[in-house]
Structures are given as structure tokens and as C-alpha cells.
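Trainee: Sharing start_6.cif, mmCIF, C-alpha atoms:
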data_target
loop_
_atom_site.label_atom_id
_atom_site.label_comp_id
_atom_site.auth_asym_id
_atom_site.auth_seq_id
_atom_site.Cartn_x
_atom_site.Cartn_y
_atom_site.Cartn_z
CA MET A 1 195.55 203.75 12.22
CA LYS A 2 199.04 204.17 13.61
CA ARG A 3 201.26 201.31 12.50
CA LEU A 4 204.80 201.41 13.83
CA ILE A 5 205.78 204.82 12.52
CA LEU A 6 208.90 205.18 14.62
CA PRO A 7 210.62 208.57 14.34
CA ILE A 8 214.14 208.72 12.98
CA ALA A 9 215.47 210.74 15.88
CA LEU A 10 217.93 210.24 18.67
CA VAL A 11 218.29 206.51 19.26
CA LEU A 12 220.36 205.64 22.31
CA VAL A 13 220.69 202.10 23.59
CA ALA A 14 222.32 200.95 26.80
CA CYS A 15 222.81 197.19 27.14
CA HIS A 16 223.33 195.41 30.42
CA GLU A 17 225.62 192.48 30.90
CA ASN A 18 224.07 189.00 30.92
CA HIS A 19 220.54 190.29 30.27
CA HIS A 20 218.79 191.59 27.19
CA PHE A 21 217.98 194.93 28.81
CA SER A 22 218.18 198.20 26.92
CA ILE A 23 216.53 201.61 26.77
CA GLU A 24 215.82 202.99 23.34
CA ILE A 25 215.12 206.71 22.97
CA LEU A 26 212.97 207.42 19.90
CA ASP A 27 212.27 211.09 20.55
CA ASP A 28 214.06 213.75 22.59
CA ALA A 29 210.92 214.24 24.68
CA ALA A 30 211.65 210.92 26.39
CA LEU A 31 214.84 212.35 27.87
CA ASN A 32 212.65 214.33 30.26
CA LEU A 33 211.48 210.99 31.67
CA ILE A 34 214.35 208.52 31.43
CA ASP A 35 218.04 208.25 30.57
CA ALA A 36 219.20 205.77 27.95
CA ASN A 37 221.94 204.55 30.29
CA SER A 38 219.70 204.05 33.33
CA GLU A 39 220.23 200.67 34.95
CA ILE A 40 217.42 198.15 34.74
CA GLU A 41 217.68 196.16 37.96
CA ILE A 42 216.31 192.73 38.84
CA ILE A 43 214.68 193.00 42.28
CA GLY A 44 213.00 189.59 42.25
CA SER A 45 213.19 186.40 40.21
CA GLY A 46 212.12 182.77 40.18
CA PHE A 47 208.40 183.43 39.91
CA LYS A 48 206.06 181.87 37.35
CA TRP A 49 204.24 184.88 35.85
CA THR A 50 204.38 188.25 37.55
CA GLU A 51 201.59 190.79 37.22
CA GLY A 52 199.81 193.69 38.87
CA PRO A 53 202.65 195.66 40.52
CA LEU A 54 201.37 198.19 43.05
CA TRP A 55 203.47 200.60 45.11
CA ILE A 56 202.25 201.10 48.68
CA ASP A 57 203.59 204.52 49.60
CA SER A 58 202.47 204.40 53.22
CA GLY A 59 204.69 201.38 53.84
CA GLY A 60 207.37 201.95 51.22
CA TYR A 61 206.93 198.54 49.60
CA LEU A 62 205.86 196.89 46.36
CA LEU A 63 203.10 194.33 45.98
CA PHE A 64 202.67 192.15 42.91
CA SER A 65 200.80 189.05 41.82
CA ASP A 66 202.28 185.73 40.76
CA ILE A 67 199.19 184.40 39.02
CA PRO A 68 200.08 180.69 38.63
CA ASN A 69 201.27 180.56 42.26
CA ASN A 70 197.99 182.13 43.48
CA THR A 71 200.05 184.53 45.58
CA VAL A 72 200.64 188.23 46.16
CA PHE A 73 204.27 188.90 47.06
CA LYS A 74 205.79 191.89 48.83
CA ILE A 75 209.22 193.44 48.31
CA ASP A 76 210.13 195.94 51.01
CA GLY A 77 212.52 198.87 50.94
CA SER A 78 215.42 196.59 51.89
CA GLY A 79 214.69 194.27 48.98
CA ASP A 80 213.35 191.48 51.18
CA LEU A 81 210.74 189.25 49.54
CA THR A 82 207.84 187.83 51.53
CA THR A 83 204.47 186.26 50.83
CA TYR A 84 201.80 188.90 51.40
CA LEU A 85 198.60 187.03 50.46
CA LYS A 86 197.93 183.39 49.61
CA PRO A 87 195.52 182.43 48.20
CA SER A 88 195.14 185.61 46.21
CA GLY A 89 192.71 184.76 43.43
CA TYR A 90 191.29 181.27 43.86
CA LEU A 91 189.99 180.03 47.19
CA GLY A 92 189.09 176.46 46.22
CA LYS A 93 191.06 173.26 46.68
CA ALA A 94 192.14 172.53 43.11
CA PHE A 95 192.31 174.57 39.92
CA ASP A 96 192.54 172.98 36.48
CA GLY A 97 193.97 175.97 34.63
CA LYS A 98 197.24 177.87 34.58
CA GLU A 99 196.21 181.21 36.10
CA PRO A 100 194.20 180.89 39.33
CA GLY A 101 195.65 183.85 41.22
CA SER A 102 195.07 187.56 41.38
CA ASN A 103 196.07 189.74 38.45
CA GLY A 104 195.73 193.52 38.72
CA LEU A 105 196.09 195.11 42.16
CA LEU A 106 194.93 198.61 43.04
CA LEU A 107 193.90 200.75 45.97
CA ASP A 108 190.34 201.97 46.24
CA PRO A 109 189.54 205.55 47.35
CA ASN A 110 189.60 204.38 50.99
CA GLY A 111 193.08 202.90 50.63
CA GLN A 112 191.93 199.28 50.68
CA LEU A 113 193.43 196.63 48.42
CA VAL A 114 191.30 195.64 45.42
CA LEU A 115 192.24 192.50 43.47
CA MET A 116 191.25 191.21 40.06
CA GLN A 117 190.74 187.55 41.01
CA HIS A 118 191.08 185.16 38.08
CA GLY A 119 190.05 181.94 39.79
CA GLU A 120 187.07 183.46 41.61
CA ARG A 121 186.10 185.36 38.42
CA ARG A 122 185.46 188.58 40.26
CA VAL A 123 186.71 191.92 41.48
CA ALA A 124 187.27 191.63 45.22
CA ARG A 125 188.44 193.73 48.15
CA MET A 126 190.68 192.50 50.95
CA LYS A 127 188.80 193.02 54.20
CA ALA A 128 191.95 193.42 56.30
CA SER A 129 194.16 196.50 56.44
CA LEU A 130 197.27 196.78 54.30
CA ASP A 131 199.60 196.38 57.25
CA SER A 132 197.84 193.24 58.56
CA PRO A 133 196.95 191.34 55.37
CA SER A 134 194.66 188.33 55.41
CA PRO A 135 193.19 186.31 52.51
CA ASP A 136 189.64 187.23 53.46
CA TYR A 137 187.80 189.03 50.67
CA GLU A 138 184.49 190.65 49.86
CA VAL A 139 182.92 190.90 46.43
CA VAL A 140 183.09 194.22 44.59
CA ALA A 141 181.61 192.84 41.34
CA ASP A 142 181.27 189.30 39.98
CA ASN A 143 178.68 189.32 37.21
CA TYR A 144 177.15 191.27 34.35
CA GLN A 145 173.38 190.97 34.10
CA GLY A 146 173.45 187.81 36.18
CA LYS A 147 176.20 186.08 34.19
CA ARG A 148 179.56 185.49 35.83
CA PHE A 149 182.55 187.40 34.56
CA ASN A 150 185.26 185.57 32.62
CA SER A 151 188.27 186.58 34.75
CA PRO A 152 188.70 190.27 35.62
CA ASN A 153 192.20 191.32 34.62
CA ASP A 154 193.11 194.94 35.30
CA GLY A 155 191.49 198.09 36.52
CA VAL A 156 191.79 201.78 37.29
CA PHE A 157 189.81 204.11 39.54
CA ASP A 158 188.96 207.61 38.40
CA SER A 159 189.13 210.55 40.79
CA GLN A 160 185.45 210.13 41.68
CA GLY A 161 185.87 206.49 42.69
CA ASN A 162 184.35 204.89 39.59
CA LEU A 163 186.18 201.67 38.66
CA TYR A 164 187.05 200.80 35.05
CA PHE A 165 188.14 197.20 34.49
CA THR A 166 188.65 194.56 31.80
CA ASP A 167 187.42 190.97 31.60
CA PRO A 168 189.29 188.69 29.16
CA PRO A 169 189.18 184.87 29.43
CA TYR A 170 192.74 184.18 30.62
CA GLY A 171 191.79 182.93 34.07
CA LEU A 172 189.34 180.34 32.79
CA PRO A 173 190.99 176.89 32.64
CA GLN A 174 190.14 176.50 28.94
CA GLN A 175 189.92 180.23 28.23
CA MET A 176 187.59 180.92 25.30
CA ASP A 177 186.52 177.27 25.11
CA ASP A 178 185.83 176.84 28.81
CA PRO A 179 182.47 175.13 29.40
CA ASN A 180 181.83 177.42 32.36
CA LYS A 181 182.25 180.61 30.35
CA ALA A 182 178.96 182.42 30.89
CA LEU A 183 179.40 185.54 28.75
CA ASP A 184 179.76 185.26 24.99
CA PHE A 185 182.01 188.33 24.83
CA GLN A 186 184.96 189.95 26.59
CA GLY A 187 184.05 193.26 28.15
CA VAL A 188 185.38 196.57 29.36
CA TYR A 189 183.28 197.78 32.29
CA CYS A 190 182.72 200.76 34.52
CA LEU A 191 181.45 200.12 38.04
CA LYS A 192 180.06 203.44 39.18
CA THR A 193 180.06 204.60 42.77
CA SER A 194 176.27 204.25 42.65
CA GLY A 195 176.70 200.50 42.11
CA GLU A 196 175.60 200.61 38.49
CA LEU A 197 177.72 198.42 36.19
CA ILE A 198 178.10 199.74 32.65
CA LEU A 199 179.41 197.70 29.71
CA VAL A 200 181.75 200.20 28.06
CA ASP A 201 182.82 198.09 25.08
CA GLN A 202 183.40 194.56 23.83
CA LEU A 203 186.91 193.67 22.60
CA THR A 204 188.55 190.39 21.62
CA ARG A 205 191.10 190.40 24.48
CA PRO A 206 190.76 193.54 26.64
CA ASN A 207 193.64 193.76 29.07
CA GLY A 208 195.44 196.80 30.53
CA ILE A 209 193.46 199.98 31.13
CA ALA A 210 194.34 203.58 31.95
CA LEU A 211 192.93 207.11 32.04
CA SER A 212 194.49 210.31 30.76
CA PRO A 213 195.53 212.73 33.55
CA ASP A 214 192.44 214.88 32.99
CA GLU A 215 190.26 211.76 32.71
CA SER A 216 188.91 212.85 29.34
CA LYS A 217 190.27 209.75 27.58
CA LEU A 218 190.26 206.03 28.31
CA PHE A 219 192.94 203.66 27.00
CA VAL A 220 192.54 199.89 26.69
CA ALA A 221 195.15 197.36 25.59
CA VAL A 222 194.14 194.39 23.45
CA SER A 223 196.35 191.34 23.97
CA ASP A 224 195.19 189.62 20.79
CA PRO A 225 198.00 188.45 18.46
CA GLU A 226 195.70 189.16 15.50
CA ASN A 227 194.94 192.69 16.72
CA ALA A 228 197.75 193.73 19.08
CA THR A 229 196.59 197.28 19.63
CA TRP A 230 195.79 199.97 22.14
CA TYR A 231 192.44 201.74 21.78
CA GLN A 232 191.60 205.26 22.85
CA TYR A 233 188.12 206.50 23.74
CA ASP A 234 186.73 209.90 24.61
CA LEU A 235 185.00 209.79 27.99
CA THR A 236 181.83 211.87 27.96
CA ALA A 237 180.58 210.76 31.40
CA PRO A 238 181.52 207.94 33.77
CA GLY A 239 181.32 204.75 31.71
CA MET A 240 180.16 206.59 28.59
CA VAL A 241 182.53 206.69 25.62
CA SER A 242 182.66 207.98 22.07
CA ASN A 243 185.18 208.39 19.24
CA LYS A 244 186.90 205.02 19.58
CA ILE A 245 190.19 205.01 17.67
CA ILE A 246 193.31 202.88 17.42
CA PHE A 247 195.90 204.64 19.55
CA TYR A 248 198.77 202.41 18.39
CA ASP A 249 199.05 199.10 16.55
CA THR A 250 201.91 196.63 17.10
CA THR A 251 200.35 193.69 15.23
CA PRO A 252 203.18 193.58 12.62
CA LEU A 253 205.72 192.96 15.40
CA ILE A 254 204.06 189.89 16.85
CA GLY A 255 206.23 186.82 16.47
CA GLN A 256 209.38 188.72 15.56
CA GLU A 257 212.60 188.03 17.42
CA GLY A 258 213.02 190.22 20.47
CA GLN A 259 209.37 191.26 20.44
CA GLN A 260 208.05 188.96 23.14
CA GLY A 261 204.69 189.75 24.62
CA LEU A 262 201.51 191.60 23.68
CA PRO A 263 199.83 194.86 24.70
CA ASP A 264 199.10 194.29 28.37
CA GLY A 265 199.17 196.36 31.56
CA MET A 266 199.91 200.09 31.55
CA LYS A 267 200.12 203.17 33.72
CA MET A 268 199.66 206.85 32.96
CA HIS A 269 202.37 209.28 34.07
CA SER A 270 201.05 212.52 35.54
CA ASP A 271 202.82 214.49 32.79
CA GLY A 272 200.68 212.76 30.17
CA TYR A 273 202.87 209.89 29.00
CA LEU A 274 201.53 206.36 28.74
CA PHE A 275 203.88 203.60 29.92
CA ALA A 276 202.45 200.49 28.27
CA THR A 277 203.75 196.94 28.28
CA GLY A 278 203.81 195.38 24.84
CA PRO A 279 206.06 193.57 22.38
CA GLY A 280 209.64 193.65 23.67
CA GLY A 281 208.98 195.30 27.03
CA VAL A 282 207.56 198.73 27.94
CA TRP A 283 206.58 201.36 25.38
CA ILE A 284 206.37 205.04 26.29
CA PHE A 285 203.85 207.08 24.28
CA ASP A 286 202.85 210.70 24.30
CA LEU A 287 199.12 211.39 24.17
CA SER A 288 199.18 211.88 20.41
CA GLY A 289 200.01 208.18 20.04
CA LYS A 290 203.68 208.72 19.23
CA ALA A 291 206.16 206.19 20.60
CA ILE A 292 208.95 208.21 22.23
CA ALA A 293 210.91 205.41 23.94
CA ARG A 294 211.05 201.68 24.54
CA ILE A 295 212.40 199.79 27.53
CA HIS A 296 213.53 196.42 26.22
CA THR A 297 213.33 193.70 28.89
CA GLY A 298 213.99 190.65 26.75
CA GLN A 299 210.92 189.08 28.37
CA ALA A 300 207.20 189.00 27.83
CA THR A 301 206.28 191.93 30.07
CA ALA A 302 202.86 192.01 31.69
CA ASN A 303 202.52 195.23 33.64
CA CYS A 304 204.24 198.21 35.22
CA ALA A 305 203.78 200.69 38.06
CA PHE A 306 205.29 203.90 39.39
CA THR A 307 206.29 204.89 42.86
CA THR A 308 204.15 207.77 44.11
CA ASP A 309 206.84 210.32 43.20
CA GLU A 310 207.19 208.71 39.73
CA LYS A 311 210.96 208.41 40.21
CA THR A 312 210.94 204.61 39.82
CA LEU A 313 209.18 202.32 37.35
CA PHE A 314 208.55 198.70 38.33
CA MET A 315 208.05 196.13 35.57
CA ALA A 316 206.54 192.65 35.84
CA ALA A 317 208.46 190.70 33.19
CA ASP A 318 207.70 186.97 32.99
CA ASP A 319 209.45 185.39 36.01
CA TYR A 320 211.16 188.65 37.03
CA MET A 321 210.31 191.82 38.86
CA LEU A 322 212.41 194.69 37.51
CA LYS A 323 212.86 198.36 38.29
CA VAL A 324 214.40 201.31 36.49
CA PRO A 325 214.90 204.88 37.70
CA LEU A 326 213.02 207.75 36.09
CA LYS A 327 213.69 211.48 36.19
#
Please lay out the structure from this file as C-alpha cells.
Mentor:
Amino acid sequence: MKRLILPIALVLVACHENHHFSIEILDDAALNLIDANSEIEIIGSGFKWTEGPLWIDSGGYLLFSDIPNNTVFKIDGSGDLTTYLKPSGYLGKAFDGKEPGSNGLLLDPNGQLVLMQHGERRVARMKASLDSPSPDYEVVADNYQGKRFNSPNDGVFDSQGNLYFTDPPYGLPQQMDDPNKALDFQGVYCLKTSGELILVDQLTRPNGIALSPDESKLFVAVSDPENATWYQYDLTAPGMVSNKIIFYDTTPLIGQEGQQGLPDGMKMHSDGYLFATGPGGVWIFDLSGKAIARIHTGQATANCAFTTDEKTLFMAADDYMLKVPLK
């Protein structure tokens, strides 16, 4: 169990005026990815709870969810903000809870937009093309063994087109105590290209999910204040795992000043570094589970995404959308 063993190495911090932004280098290896004095820039603000950033390389723009506003927003290359999809996650007239909208956004192997829809309790695909968006969706998956999902949260496709995704209760109006909760657990799933749905594991609050570059390992964040961890699994076949271990544990940080947030969304860099949102902002890990840097946002930070060339990292941080340059 790895519990906050931070190396006493080069620690560089660059603070930014008027905001609690800083970049902390914990190991020299991080300097191949990011500079300590890189500027963290606000590219959007005034939202309710940002999530699911997704870079669309073909159009040179960013999409992201604002879950309470039931909207997917778009920020183009000029920095202009527009509504891209509304409704994004709940198609009904009224929603009693706080998080009706879409959460994670991703592109399927055919380049179509896939959304984790809280309010509809399903994984869905936008029928329209990316350049002519319309809130018209088709079901990708909405139940396990005939019981409706809780509220699919985040997902990742492997190179074969199999979809791994998580299903915590956050989109249910009363979450764990919701009378309409059909499953008595929170699952991690693999939807295979064959259509078979495999229950990979049950966790208290499964959230962000990622694959190692060679797809031999699966990583899942647990956004549980009592067990604020990332797990690592060996993948032996699509949806089949073994050797579950704690990759990193931040439980002792929860509730401390400046450590807002929980293990949440994450993305894997092609060089084998995991960028994972967690207490205080974004953590950067090597694949041994060593924290090599932290990007402090001063906000509860929900998710992150790279541009295709991995030269920019976008961060969904509470009511902000942020970006920081990478090397």
C-alpha cells in the first residue's frame, strides 16, 4: 500500500497572482513533461461543475460537460465559448437531483461522441456528426443483467474498441439512498465489441478509469473519502483482471487545507505517465505508482484531457476550465 511517500527531491513551485495555482515538481522525471513555471490559464469560468474534457482534433476545439447545467460546452481555438449539446444527460422535464447532465465524454472507434449520461443512467452515443451536433442519442448500454445502471461516470476505449466504464451513484438524486437504485453495488464494466457486458469489479465509488499504453494494466480511481485511492489491475483479456493492488492512496489528505477533491478523472500519457485528478488538483504518477509532480488548482478538480499532440493539458476544476502547457 503506497501512502503518500513523496520523494525529497527537486521541489519547484510557481504561484500565479490572484489564484491558488502552482506546479510542484517532486521528481526530476517530471521535468520531461512540464515546467514548474508554466502558466496555468483560465479558459472558461462561471460554470457549476465541469467534467469530461475531450479534445476534438479534427476541429481544434475542446468539449466538456457541465453536469448540473445538463450541457456540453465547446471552447474553440479562438477561446469562444458556445453551447454544444443541451440536454446532454437527462432528457426529461424535471430532475430532482444535482447532477442530471453528461459526465465523461469520449470518441468511439468510428469518431462518434459517446457520453456517460447521469440522468438517463446510461452510456449513449450522439447520432449526429461532431460538426453538426444534436441532442439525439442512442443507447450503448443501460443495464447489467436487466437492472438499470446507477449513473455511468467515465470511460475509456481500448485499441480493439472494447469500452471500460465506471458506474457510481452520483447521478441519482439521492445517490446511495435513492429509491430507484436498482443495483446493490457500484461497478466497473467492460462492454466488449461483441456486445457482451462484463462486470470487472465492484468498488465503493468507482470513478475515473484509464489503461496503460500497452493496455496490460487498468487503473480505476475511487472517489470515496474513506478510501481515496487508485487501484491497478493486470488485464489478462478484455474485461478480465487479476492482481488488484492499491496504486496510490491519498486517504490521509482528505479534509486537509488545500487538498480539495478526491480521486476522480484521469488520462494516460503515451510515455507512460498517469495524470490523475485528486486532492489539490492533478497528480502525475509514473507507472510504478510514484508521484512525480502535482498541479495545484486550488479547486476540487474532476477530470483532465490532453490535446492529441500532448502539448496541452486541460483541467476541469469546479466552476473553471483550465489549461497548462506540457513539453
Trainee: Need the shell around Asp318 of chain A: protein/DNA/RNA residues with any atom at most 7 Å away, counting only C-alpha atoms. Skip same-chain ones fewer than 3 positions apart. Format as a PyMOL selection string?
Mentor: chain A and resi 48-50+299-301
Trainee: Hey, what's within 12 Å of segment 228-232 of chain A if we count all atoms listed in the file and toss same-chain stuff fewer than 5 positions away? As a VMD selection string, please?
Mentor: chain A and resid 1 to 4 188 201 to 212 215 to 223 241 to 255 259 261 to 266 274 to 279 283 285 287 to 289
Trainee: I'd like the neighbourhood of Met176 of chain A as a VMD selection string, where a residue qualifies if any of its atoms comes within 12 Å (using all atoms listed in the file), though same-chain residues fewer than 5 positions away should be ignored.
Mentor: chain A and resid 150 to 151 167 to 171 181 to 186 204 to 205
Trainee: Selection from above, C-alpha atoms, as a PDB file, keeping the file's coordinate frame, can you write it?
Mentor:
ATOM      1  CA  ASN A 150     185.260 185.570  32.620  1.00  0.00           C
ATOM      2  CA  SER A 151     188.270 186.580  34.750  1.00  0.00           C
ATOM      3  CA  ASP A 167     187.420 190.970  31.600  1.00  0.00           C
ATOM      4  CA  PRO A 168     189.290 188.690  29.160  1.00  0.00           C
ATOM      5  CA  PRO A 169     189.180 184.870  29.430  1.00  0.00           C
ATOM      6  CA  TYR A 170     192.740 184.180  30.620  1.00  0.00           C
ATOM      7  CA  GLY A 171     191.790 182.930  34.070  1.00  0.00           C
ATOM      8  CA  LYS A 181     182.250 180.610  30.350  1.00  0.00           C
ATOM      9  CA  ALA A 182     178.960 182.420  30.890  1.00  0.00           C
ATOM     10  CA  LEU A 183     179.400 185.540  28.750  1.00  0.00           C
ATOM     11  CA  ASP A 184     179.760 185.260  24.990  1.00  0.00           C
ATOM     12  CA  PHE A 185     182.010 188.330  24.830  1.00  0.00           C
ATOM     13  CA  GLN A 186     184.960 189.950  26.590  1.00  0.00           C
ATOM     14  CA  THR A 204     188.550 190.390  21.620  1.00  0.00           C
ATOM     15  CA  ARG A 205     191.100 190.400  24.480  1.00  0.00           C
TER      16      ARG A 205
END
Trainee: Quick one: pull the distance between atom CA of Leu63 of chain A and atom CA of Gly111 of chain A, Å, one decimal.
Mentor: 14.0 Å
Trainee: Report as a PDB file with C-alpha atoms, in the coordinates of the input all protein, DNA and RNA residues lying within 8 Å of Gly155 of chain A, evaluated on all atoms listed in the file, omitting residues in the same chain fewer than 4 positions from it.
Mentor:
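So selection_12.pdb came out as:
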ATOM      1  CA  GLY A 104     195.730 193.520  38.720  1.00  0.00           C
ATOM      2  CA  LEU A 105     196.090 195.110  42.160  1.00  0.00           C
ATOM      3  CA  LEU A 106     194.930 198.610  43.040  1.00  0.00           C
ATOM      4  CA  MET A 116     191.250 191.210  40.060  1.00  0.00           C
ATOM      5  CA  LEU A 163     186.180 201.670  38.660  1.00  0.00           C
ATOM      6  CA  TYR A 164     187.050 200.800  35.050  1.00  0.00           C
ATOM      7  CA  PHE A 165     188.140 197.200  34.490  1.00  0.00           C
ATOM      8  CA  THR A 166     188.650 194.560  31.800  1.00  0.00           C
ATOM      9  CA  GLY A 208     195.440 196.800  30.530  1.00  0.00           C
ATOM     10  CA  ILE A 209     193.460 199.980  31.130  1.00  0.00           C
ATOM     11  CA  ALA A 210     194.340 203.580  31.950  1.00  0.00           C
TER      12      ALA A 210
END
Trainee: Report as number ranges by chain the full result of the PyMOL selection byres ((chain A and resi 29-38) around 7) when it is applied to this structure.
Mentor: A: 12-14, 23-25, 27-28, 39-40, 292-293, 324-327
Trainee: Which distance in Å separates atom CA of Ser88 of chain A and atom CA of Gly101 of chain A, to one decimal?
Mentor: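 Distance between the two atoms: 5.3 Å.
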Trainee: Excluding Arg122 of chain A and residues on its chain fewer than 6 positions from it, collect all residues at most 6 Å away from it, counting only C-alpha atoms, and give them as a PyMOL selection string.
Mentor: chain A and resi 141-142+152
Trainee: So the first atom is atom CA of Met126 of chain A and the second is atom CA of Gln112 of chain A; what is the distance between them in Å, to one decimal place?
Mentor: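 It comes out at 6.9 Å.
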Trainee: Using the chain letters and residue numbers of this document, give as a ChimeraX atom specification the residues selected by the PyMOL selection byres ((chain A and resi 197) around 12).
Mentor: /A:140-146,162-165,187-196,198-200,238-240
Trainee: Any chance you could resolve the PyMOL selection byres ((chain A and resi 62) around 10) against this file and give the residues as a ChimeraX atom specification?
Mentor: /A:53-57,59-61,63-64,73-77,79,81,305-307,314
Trainee: So which one's closest to Tyr273 of chain A, A:Asp66, A:Asp286, A:Asp158, A:Glu120? Using only C-alpha atoms, please.
Mentor: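 Residue with the minimum atom-to-atom distance to Tyr273 of chain A: A:Asp286.
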Trainee: Of the residues A:Ile43, A:Val114, A:Val123, A:Ile67, which is the one nearest to Ser102 of chain A, using all atoms listed in the file?
Mentor: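 Nearest to Ser102 of chain A: A:Ile67.
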Trainee: Would you list the residues near (199.8, 188.6, 52.3) (no more than 8 Å away, in the coordinates of the file, using all atoms listed in the file) as a CSV table (one decimal) with C-alpha atoms, in the frame of the given file?
Mentor:
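And here's out.csv as it stands now:
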chain,number,residue,atom,x,y,z
A,71,THR,CA,200.0,184.5,45.6
A,72,VAL,CA,200.6,188.2,46.2
A,73,PHE,CA,204.3,188.9,47.1
A,74,LYS,CA,205.8,191.9,48.8
A,83,THR,CA,204.5,186.3,50.8
A,84,TYR,CA,201.8,188.9,51.4
A,85,LEU,CA,198.6,187.0,50.5
A,86,LYS,CA,197.9,183.4,49.6
A,133,PRO,CA,197.0,191.3,55.4
A,134,SER,CA,194.7,188.3,55.4
A,135,PRO,CA,193.2,186.3,52.5
